[in-house]
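Content type mmCIF, C-alpha atoms, from the file input-v2.cif:
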```
data_target
#
loop_
_atom_site.label_atom_id
_atom_site.label_comp_id
_atom_site.auth_asym_id
_atom_site.auth_seq_id
_atom_site.Cartn_x
_atom_site.Cartn_y
_atom_site.Cartn_z
CA MET A 1353 -5.35 -5.55 50.39
CA GLU A 1354 -8.85 -4.08 50.73
CA VAL A 1355 -11.50 -6.75 50.22
CA GLU A 1356 -15.27 -6.68 49.81
CA SER A 1357 -17.35 -9.82 49.50
CA LEU A 1358 -20.96 -10.66 48.83
CA VAL A 1359 -22.63 -13.99 49.51
CA LEU A 1360 -25.00 -14.67 46.64
CA ASP A 1361 -28.52 -16.01 46.47
CA VAL A 1362 -27.64 -18.82 44.07
CA PRO A 1363 -30.45 -19.90 41.75
CA ASP A 1364 -31.13 -23.58 41.15
CA LEU A 1365 -28.74 -24.88 38.50
CA GLN A 1366 -31.54 -26.45 36.48
CA HIS A 1367 -33.37 -23.12 36.46
CA VAL A 1368 -30.25 -21.42 35.11
CA ALA A 1369 -29.92 -24.12 32.45
CA THR A 1370 -33.54 -23.72 31.37
CA VAL A 1371 -33.21 -19.93 31.12
CA LEU A 1372 -30.00 -20.12 29.10
CA ASP A 1373 -31.32 -22.89 26.87
CA ALA A 1374 -34.33 -20.79 25.88
CA GLY A 1375 -32.39 -17.55 25.51
CA LEU A 1376 -29.53 -18.87 23.38
CA LYS A 1377 -31.96 -19.81 20.61
CA GLN A 1378 -32.17 -16.08 19.83
CA HIS A 1379 -28.42 -16.04 19.17
CA PHE A 1380 -27.50 -19.42 17.68
CA LYS A 1381 -29.21 -21.64 15.12
CA ASN A 1382 -28.43 -24.75 17.16
CA SER A 1383 -27.85 -24.67 20.90
CA SER A 1384 -28.46 -26.59 24.11
CA VAL A 1385 -27.81 -26.03 27.80
CA ARG A 1386 -27.96 -28.97 30.19
CA VAL A 1387 -26.98 -29.85 33.74
CA VAL A 1388 -24.38 -32.63 33.48
CA ASP A 1389 -21.68 -34.31 35.50
CA CYS A 1390 -18.51 -32.34 34.87
CA PRO A 1391 -16.18 -34.21 32.51
CA ASP A 1392 -12.56 -34.68 33.53
CA LEU A 1393 -11.18 -31.25 32.71
CA THR A 1394 -7.58 -32.37 33.25
CA ALA A 1395 -7.92 -34.33 30.00
CA GLU A 1396 -7.41 -32.88 26.54
CA PRO A 1397 -8.54 -30.55 25.12
CA PHE A 1398 -9.16 -28.71 28.42
CA CYS A 1399 -5.98 -29.59 30.32
CA LEU A 1400 -6.97 -27.77 33.53
CA ALA A 1401 -4.98 -28.18 36.72
CA ALA A 1402 -7.92 -29.98 38.43
CA PRO A 1403 -10.66 -32.29 37.14
CA GLY A 1404 -13.75 -30.23 38.00
CA LEU A 1405 -15.19 -26.80 38.75
CA CYS A 1406 -17.12 -27.57 41.93
CA GLY A 1407 -16.54 -27.08 45.65
CA ASN A 1408 -17.14 -23.66 47.23
CA PRO A 1409 -17.03 -21.75 43.92
CA ARG A 1410 -16.19 -18.05 44.18
CA ILE A 1411 -15.97 -15.40 41.50
CA VAL A 1412 -13.01 -13.15 42.25
CA ASP A 1413 -12.21 -9.74 40.76
CA VAL A 1414 -8.75 -8.42 41.69
CA GLY A 1415 -7.36 -5.03 40.68
CA GLY A 1416 -8.78 -3.56 37.50
CA VAL A 1417 -8.32 -1.64 34.28
CA LYS A 1418 -7.61 1.54 36.27
CA ASN A 1419 -4.24 -0.02 37.09
CA LEU A 1420 -3.50 0.08 33.34
CA THR A 1421 -5.03 3.35 32.15
CA PRO A 1422 -4.53 6.17 31.64
CA LEU A 1423 -0.95 5.24 32.61
CA PRO A 1424 0.09 1.83 33.96
CA ASN A 1425 0.93 1.24 37.60
CA LYS A 1426 3.84 -1.12 37.03
CA THR A 1427 4.21 -1.81 40.76
CA VAL A 1428 0.91 -3.71 41.08
CA PHE A 1429 1.38 -7.48 41.33
CA TYR A 1430 -0.76 -10.19 42.92
CA ASP A 1431 0.37 -13.53 44.27
CA PHE A 1432 -2.16 -16.32 43.78
CA GLY A 1433 -1.36 -17.74 47.19
CA SER A 1434 -2.29 -14.41 48.77
CA ILE A 1435 -5.50 -14.28 46.74
CA ALA A 1436 -6.36 -17.80 47.91
CA GLN A 1437 -5.89 -16.72 51.54
CA LEU A 1438 -8.84 -14.36 51.10
CA MET A 1439 -11.01 -17.51 50.87
CA PRO A 1440 -9.65 -19.93 53.49
CA GLU A 1441 -12.82 -22.01 53.28
CA VAL A 1442 -11.86 -23.07 49.72
CA ASN A 1443 -9.55 -26.04 50.20
CA SER A 1444 -6.72 -26.65 47.71
CA PRO A 1445 -8.15 -24.10 45.28
CA LEU A 1446 -8.21 -24.33 41.52
CA MET A 1447 -7.80 -20.79 40.15
CA ILE A 1448 -8.72 -20.23 36.50
CA GLY A 1449 -9.38 -17.00 34.69
CA ALA A 1450 -8.24 -14.02 32.66
CA GLY A 1451 -5.93 -11.13 33.45
CA ALA A 1452 -2.48 -9.64 32.99
CA GLY A 1453 0.69 -11.64 33.48
CA PRO A 1454 3.81 -10.93 35.57
CA HIS A 1455 5.52 -8.50 33.20
CA ASP A 1456 8.59 -8.23 35.40
CA TYR A 1457 9.29 -11.93 34.81
CA VAL A 1458 8.22 -12.05 31.15
CA GLY A 1459 10.04 -8.82 30.34
CA VAL A 1460 7.09 -7.07 28.72
CA ASN A 1461 3.40 -6.36 29.30
CA CYS A 1462 1.44 -9.56 28.69
CA GLU A 1463 -1.92 -11.30 28.67
CA MET A 1464 -2.50 -14.28 30.98
CA VAL A 1465 -4.66 -17.39 31.17
CA SER A 1466 -4.62 -18.45 34.82
CA ASN A 1467 -4.75 -22.23 35.35
CA LEU A 1468 -3.26 -23.37 38.64
CA LYS A 1469 -3.97 -25.53 41.65
CA LEU A 1470 -2.75 -24.88 45.18
CA GLY A 1471 -2.64 -27.74 47.65
CA ASP A 1472 -0.99 -29.33 50.64
CA ASP A 1473 1.24 -31.27 48.24
CA GLY A 1474 2.42 -28.12 46.51
CA LEU A 1475 1.55 -25.99 43.53
CA SER A 1476 0.69 -27.01 39.98
CA ASN A 1477 0.96 -23.96 37.72
CA GLN A 1478 -0.22 -24.56 34.17
CA SER A 1479 -0.83 -20.88 33.42
CA ARG A 1480 0.23 -19.28 30.14
CA VAL A 1481 1.04 -15.75 29.02
CA SER A 1482 1.34 -14.07 25.65
CA TYR A 1483 2.95 -10.91 24.38
CA VAL A 1484 3.56 -9.11 21.11
CA GLY A 1485 6.90 -10.13 19.60
CA GLU A 1486 9.35 -7.94 17.74
CA GLN A 1487 7.81 -8.88 14.38
CA GLY A 1488 4.27 -8.23 15.60
CA ASN A 1489 3.68 -11.93 16.15
CA VAL A 1490 2.08 -13.44 19.26
CA VAL A 1491 4.54 -15.22 21.55
CA VAL A 1492 3.18 -17.70 24.13
CA LYS A 1493 5.05 -18.89 27.22
CA GLU A 1494 4.16 -21.30 30.00
CA LEU A 1495 4.80 -20.02 33.49
CA PRO A 1496 6.85 -22.07 35.98
CA ASP A 1497 5.58 -22.92 39.44
CA SER A 1498 7.74 -20.10 40.82
CA GLN A 1499 5.65 -17.55 38.91
CA ALA A 1500 2.19 -18.06 40.45
CA ARG A 1501 1.63 -14.33 40.04
CA CYS A 1502 -0.26 -11.82 37.95
CA ALA A 1503 -0.26 -8.05 37.49
CA LEU A 1504 -2.72 -5.16 37.20
CA MET A 1505 -5.97 -7.15 37.06
CA MET A 1506 -7.34 -10.68 37.26
CA ASN A 1507 -10.81 -12.23 37.06
CA LEU A 1508 -11.05 -15.72 38.49
CA LEU A 1509 -13.22 -18.68 39.21
CA VAL A 1510 -11.82 -20.10 42.44
CA SER A 1511 -13.14 -23.50 43.52
CA GLU A 1512 -11.89 -26.77 44.95
CA GLY A 1513 -11.68 -28.23 41.44
CA LYS A 1514 -13.91 -31.16 42.30
CA PRO A 1515 -16.25 -33.14 40.05
CA GLY A 1516 -19.94 -32.32 40.32
CA LYS A 1517 -22.92 -30.95 38.47
CA VAL A 1518 -22.16 -28.16 35.99
CA LEU A 1519 -23.75 -26.37 33.06
CA GLU A 1520 -22.86 -27.75 29.64
CA VAL A 1521 -23.41 -25.14 26.93
CA VAL A 1522 -23.24 -26.06 23.24
CA ALA A 1523 -23.89 -23.42 20.59
CA GLU A 1524 -23.24 -23.34 16.85
CA THR A 1525 -24.04 -21.13 13.87
CA ARG A 1526 -24.39 -17.65 15.35
CA ILE A 1527 -27.44 -15.71 14.10
CA SER A 1528 -27.17 -12.51 16.18
CA GLU A 1529 -24.54 -9.80 16.52
CA MET A 1530 -23.81 -10.68 20.15
CA ASN A 1531 -20.77 -12.71 21.15
CA PHE A 1532 -21.11 -16.01 23.02
CA VAL A 1533 -20.21 -14.75 26.51
CA THR A 1534 -22.20 -11.51 26.30
CA ALA A 1535 -25.22 -13.50 25.13
CA LEU A 1536 -25.02 -15.78 28.17
CA ARG A 1537 -24.54 -12.84 30.52
CA GLN A 1538 -27.39 -10.77 29.13
CA ILE A 1539 -29.80 -13.71 29.11
CA LEU A 1540 -29.15 -14.10 32.85
CA ALA A 1541 -29.45 -10.34 33.41
CA ALA A 1542 -32.86 -10.31 31.73
CA GLU A 1543 -34.09 -13.17 33.91
CA PHE A 1544 -32.58 -12.33 37.29
CA GLY A 1545 -32.42 -8.52 37.18
CA SER A 1546 -30.68 -7.04 40.22
CA GLN A 1547 -29.97 -10.52 41.66
CA PRO A 1548 -26.34 -11.11 40.63
CA VAL A 1549 -25.58 -14.44 39.00
CA ALA A 1550 -21.81 -14.96 38.82
CA VAL A 1551 -20.51 -17.63 36.47
CA GLY A 1552 -17.10 -19.10 35.72
CA GLY A 1553 -15.69 -21.94 33.70
CA VAL A 1554 -14.14 -22.91 30.39
CA PHE A 1555 -15.31 -22.98 26.82
CA LEU A 1556 -13.90 -24.31 23.58
CA LEU A 1557 -14.16 -22.68 20.21
CA GLU A 1558 -14.31 -26.02 18.40
CA SER A 1559 -14.60 -24.60 14.89
CA GLY A 1560 -14.26 -21.17 13.32
CA THR A 1561 -12.07 -18.22 14.26
CA ALA A 1562 -12.13 -15.62 17.03
CA TRP A 1563 -11.10 -11.96 17.14
CA CYS A 1564 -8.74 -11.51 20.09
CA HIS A 1565 -6.43 -8.80 21.34
CA VAL A 1566 -3.00 -8.95 22.92
CA MET A 1567 -1.69 -5.97 24.86
CA PRO A 1568 1.57 -4.57 23.46
CA GLY A 1569 4.27 -3.00 25.60
CA PHE A 1570 3.09 -0.43 28.10
CA SER A 1571 2.07 2.93 26.65
CA ASP A 1572 4.26 5.91 27.50
CA THR A 1573 1.45 8.32 26.62
CA PRO A 1574 -1.82 8.41 28.58
CA LEU A 1575 -4.68 6.28 27.24
CA CYS A 1576 -7.63 8.49 28.14
CA SER A 1577 -10.47 7.03 26.07
CA ASP A 1578 -11.76 3.69 24.82
CA ALA A 1579 -10.74 4.76 21.32
CA GLU A 1580 -7.15 5.37 22.43
CA VAL A 1581 -7.03 2.00 24.19
CA ASP A 1582 -8.43 0.32 21.08
CA GLU A 1583 -5.76 1.98 18.93
CA TRP A 1584 -3.05 0.80 21.33
CA LEU A 1585 -4.17 -2.85 21.48
CA ARG A 1586 -3.07 -5.38 18.85
CA TYR A 1587 -5.76 -7.56 17.30
CA TYR A 1588 -5.45 -11.04 15.81
CA GLU A 1589 -7.76 -13.57 14.21
CA MET A 1590 -7.14 -16.86 15.98
CA HIS A 1591 -8.21 -20.24 14.64
CA ALA A 1592 -9.90 -23.15 16.42
CA PRO A 1593 -9.36 -25.08 18.52
CA LEU A 1594 -9.22 -22.38 21.18
CA LEU A 1595 -9.64 -22.99 24.91
CA PHE A 1596 -10.93 -20.04 26.97
CA CYS A 1597 -11.14 -19.52 30.72
CA SER A 1598 -14.09 -17.22 31.33
CA VAL A 1599 -15.82 -15.29 34.11
CA PHE A 1600 -18.99 -13.22 33.81
CA VAL A 1601 -21.50 -11.58 36.14
CA SER A 1602 -25.10 -10.71 35.26
CA HIS A 1603 -25.36 -7.64 37.53
CA ASP A 1604 -22.86 -5.48 39.42
CA PRO A 1605 -24.10 -4.97 43.00
CA GLY A 1606 -21.96 -1.85 43.44
CA LEU A 1607 -18.56 -3.55 43.58
CA ASP A 1608 -17.13 -1.98 40.40
CA LEU A 1609 -16.88 -5.40 38.76
CA ARG A 1610 -15.61 -6.29 35.34
CA MET A 1611 -18.76 -7.82 33.88
CA GLU A 1612 -17.07 -10.37 31.63
CA HIS A 1613 -13.51 -11.44 30.93
CA SER A 1614 -12.33 -14.37 28.81
CA HIS A 1615 -8.81 -15.31 27.74
CA GLY A 1616 -7.89 -18.31 25.64
CA PHE A 1617 -5.17 -19.96 23.62
CA GLY A 1618 -4.71 -22.18 20.60
CA PRO A 1619 -2.43 -22.75 17.61
CA ASP A 1620 -2.25 -19.04 16.71
CA GLY A 1621 -1.44 -17.75 20.17
CA LEU A 1622 -3.23 -16.51 23.29
CA GLY A 1623 -5.46 -13.50 23.72
CA HIS A 1624 -8.51 -11.71 25.08
CA TYR A 1625 -11.76 -12.88 23.47
CA HIS A 1626 -13.97 -10.32 21.73
CA TYR A 1627 -16.15 -12.34 19.33
CA ASP A 1628 -16.04 -15.01 16.66
CA THR A 1629 -15.56 -13.94 13.04
CA THR A 1630 -17.16 -17.01 11.42
CA PRO A 1631 -20.84 -17.01 12.41
CA GLU A 1632 -21.86 -19.69 9.90
CA SER A 1633 -19.26 -22.23 10.96
CA VAL A 1634 -18.61 -21.42 14.61
CA LYS A 1635 -19.20 -23.98 17.33
CA TYR A 1636 -18.78 -23.45 21.07
CA ARG A 1637 -18.80 -26.03 23.88
CA GLY A 1638 -18.45 -24.88 27.46
CA TYR A 1639 -18.68 -26.05 31.07
CA PHE A 1640 -19.60 -23.56 33.77
CA THR A 1641 -20.49 -23.35 37.44
CA VAL A 1642 -22.37 -20.65 39.36
CA GLY A 1643 -20.46 -18.87 42.10
CA GLU A 1644 -21.73 -18.80 45.68
CA GLN A 1645 -19.87 -15.60 46.52
CA ILE A 1646 -18.26 -12.61 44.80
CA VAL A 1647 -14.93 -11.43 46.20
CA ARG A 1648 -13.71 -7.97 45.12
CA ALA A 1649 -10.12 -7.27 46.09
CA ASP A 1650 -7.86 -4.23 45.75
CA LYS A 1651 -10.30 -2.10 43.81
CA PRO A 1652 -8.19 0.68 42.22
#
```
Once more with this new file: its structure as structure tokens, please.
Amino acid sequence: MEVESLVLDVPDLQHVATVLDAGLKQHFKNSSVRVVDCPDLTAEPFCLAAPGLCGNPRIVDVGGVKNLTPLPNKTVFYDFGSIAQLMPEVNSPLMIGAGAGPHDYVGVNCEMVSNLKLGDDGLSNQSRVSYVGEQGNVVVKELPDSQARCALMMNLLVSEGKPGKVLEVVAETRISEMNFVTALRQILAAEFGSQPVAVGGVFLLESGTAWCHVMPGFSDTPLCSDAEVDEWLRYYEMHAPLLFCSVFVSHDPGLDLRMEHSHGFGPDGLGHYHYDTTPESVKYRGYFTVGEQIVRADKP
């Protein structure tokens, strides 16, 4: 697997918080960004496979959309253990993020929320996948420990899952046209310019609804434009509470990165986040860390 990596010039966490706190006020009526001790993320409603986000955090981009379009490469799979071996300095890694699930196991093309912990005492895989059912409904499945795998593409925060200082982001009542994640990313881009700031973590949609897509079965005809991809995807309005694993990068330093990717799940299913559909009633709460390194693997 071809790998490129870039050690980042990581800004002070309080500086990042101050920048985001000021910038979010252009997008939400009420918002705050603080540096806090990470809450126990193994507890509800987060239910991650490790309690924190800290300890050698890396932002990892594996594969990419070119493995899906114009025609899918159904032979591309990634084992999370092999991905972890690219970062041997990260002990017992927590690996959370968004990508495509192991369709050979599920039986159909599927979305995935990665949430697993590797360690000396074994593997804890709490990842989930979703696919479009025969009636057009969203079907969600939990993956067993034996399926610590993904396909096509995956964007991850990889860390040691330890407690520590993180960014707490609270935002409610959206007043701009920009979605929550894009707003955070573009605020950082405006402040830091060509200095990449790579961020990963989790956020809750505590109230409101979100517009999410789920990939259907693989397309037999080439998807050659964004419009054709959009026509192929299946969209759903999903209701709070929704828990998203999210990765975003303020600037691509020539690594052909996916700039943002967020997948989440709740009572209506699991899907890829686009935006909320209830600006007046929406409320977000998130916890994020800033990556010390970007790892780009198997660029298609």
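Among the candidate residues A:Leu1585, A:Val1599, A:Ala1369, A:Ala1649, the one lying nearest to Gly1488 (chain A) is A:Leu1585, with distances computed using only C-alpha atoms.
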* What do you get, as a PyMOL selection string, if you spell out every residue that the PyMOL selection byres ((chain A and resi 1567) around 12) selects here? -> chain A and resi 1420+1451-1453+1455+1460-1464+1481-1485+1488-1491+1564-1566+1568-1571+1581-1588+1622-1624
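Taking CA of Thr1561 (chain A) and CA of Tyr1627 (chain A) as endpoints, the distance between them is 8.8 Å.
Nearest residue to Ile1411 (chain A), choosing from A:Gln1499, A:Gln1366, A:Ser1357, A:Gln1478 and counting all atoms listed in the file: A:Ser1357.
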* Any idea what's packed within 6 Å of Pro1593 (chain A), counting only C-alpha atoms, ignoring anything in its chain fewer than 2 positions away? Could you give it as a PyMOL selection string? -> chain A and resi 1557-1558+1618
* Tell me which residues the PyMOL selection byres ((chain A and resi 1375-1391) around 10) grabs here, as a ChimeraX atom specification. => /A:1365-1374,1392-1395,1398,1403-1406,1514-1532,1535-1536,1538-1540,1542-1543,1631-1632,1634-1641
Selection result of the PyMOL selection byres ((chain A and resi 1419) around 12) on this file, as a PDB file with C-alpha atoms, in the coordinates of the input:
```pdb
ATOM      1  CA  VAL A1414      -8.750  -8.420  41.690  1.00  0.00           C
ATOM      2  CA  GLY A1415      -7.360  -5.030  40.680  1.00  0.00           C
ATOM      3  CA  GLY A1416      -8.780  -3.560  37.500  1.00  0.00           C
ATOM      4  CA  VAL A1417      -8.320  -1.640  34.280  1.00  0.00           C
ATOM      5  CA  LYS A1418      -7.610   1.540  36.270  1.00  0.00           C
ATOM      6  CA  LEU A1420      -3.500   0.080  33.340  1.00  0.00           C
ATOM      7  CA  THR A1421      -5.030   3.350  32.150  1.00  0.00           C
ATOM      8  CA  PRO A1422      -4.530   6.170  31.640  1.00  0.00           C
ATOM      9  CA  LEU A1423      -0.950   5.240  32.610  1.00  0.00           C
ATOM     10  CA  PRO A1424       0.090   1.830  33.960  1.00  0.00           C
ATOM     11  CA  ASN A1425       0.930   1.240  37.600  1.00  0.00           C
ATOM     12  CA  LYS A1426       3.840  -1.120  37.030  1.00  0.00           C
ATOM     13  CA  THR A1427       4.210  -1.810  40.760  1.00  0.00           C
ATOM     14  CA  VAL A1428       0.910  -3.710  41.080  1.00  0.00           C
ATOM     15  CA  PHE A1429       1.380  -7.480  41.330  1.00  0.00           C
ATOM     16  CA  GLY A1451      -5.930 -11.130  33.450  1.00  0.00           C
ATOM     17  CA  ALA A1452      -2.480  -9.640  32.990  1.00  0.00           C
ATOM     18  CA  ALA A1503      -0.260  -8.050  37.490  1.00  0.00           C
ATOM     19  CA  LEU A1504      -2.720  -5.160  37.200  1.00  0.00           C
ATOM     20  CA  MET A1505      -5.970  -7.150  37.060  1.00  0.00           C
ATOM     21  CA  MET A1506      -7.340 -10.680  37.260  1.00  0.00           C
ATOM     22  CA  PHE A1570       3.090  -0.430  28.100  1.00  0.00           C
ATOM     23  CA  LEU A1575      -4.680   6.280  27.240  1.00  0.00           C
ATOM     24  CA  ASP A1650      -7.860  -4.230  45.750  1.00  0.00           C
ATOM     25  CA  LYS A1651     -10.300  -2.100  43.810  1.00  0.00           C
ATOM     26  CA  PRO A1652      -8.190   0.680  42.220  1.00  0.00           C
TER      27      PRO A1652
END
```
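For the pair CA of Gln1645 (chain A) and CA of Leu1595 (chain A), the separation is 25.0 Å.
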* To do: Go through A:Ala1450, A:Met1611, A:Val1442, A:Leu1556 and flag the residue nearest Lys1469 (chain A), using all atoms listed in the file for the distances.
  => A:Val1442
Just the residues within 8 Å of Ala1500 (chain A), please, counting all atoms listed in the file, with nothing from its chain fewer than 3 positions along; format it as a tab-separated table (two decimals) with C-alpha atoms, keeping the file's coordinate frame.
```tsv
chain	number	residue	atom	x	y	z
A	1431	ASP	CA	0.37	-13.53	44.27
A	1432	PHE	CA	-2.16	-16.32	43.78
A	1433	GLY	CA	-1.36	-17.74	47.19
A	1468	LEU	CA	-3.26	-23.37	38.64
A	1477	ASN	CA	0.96	-23.96	37.72
A	1495	LEU	CA	4.80	-20.02	33.49
A	1496	PRO	CA	6.85	-22.07	35.98
A	1497	ASP	CA	5.58	-22.92	39.44
```
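If all atoms listed in the file are the atoms counted, then among A:Asp1578, A:Asp1628, A:Asp1361, A:Asp1572 the closest residue to Gln1547 (chain A) is A:Asp1361.
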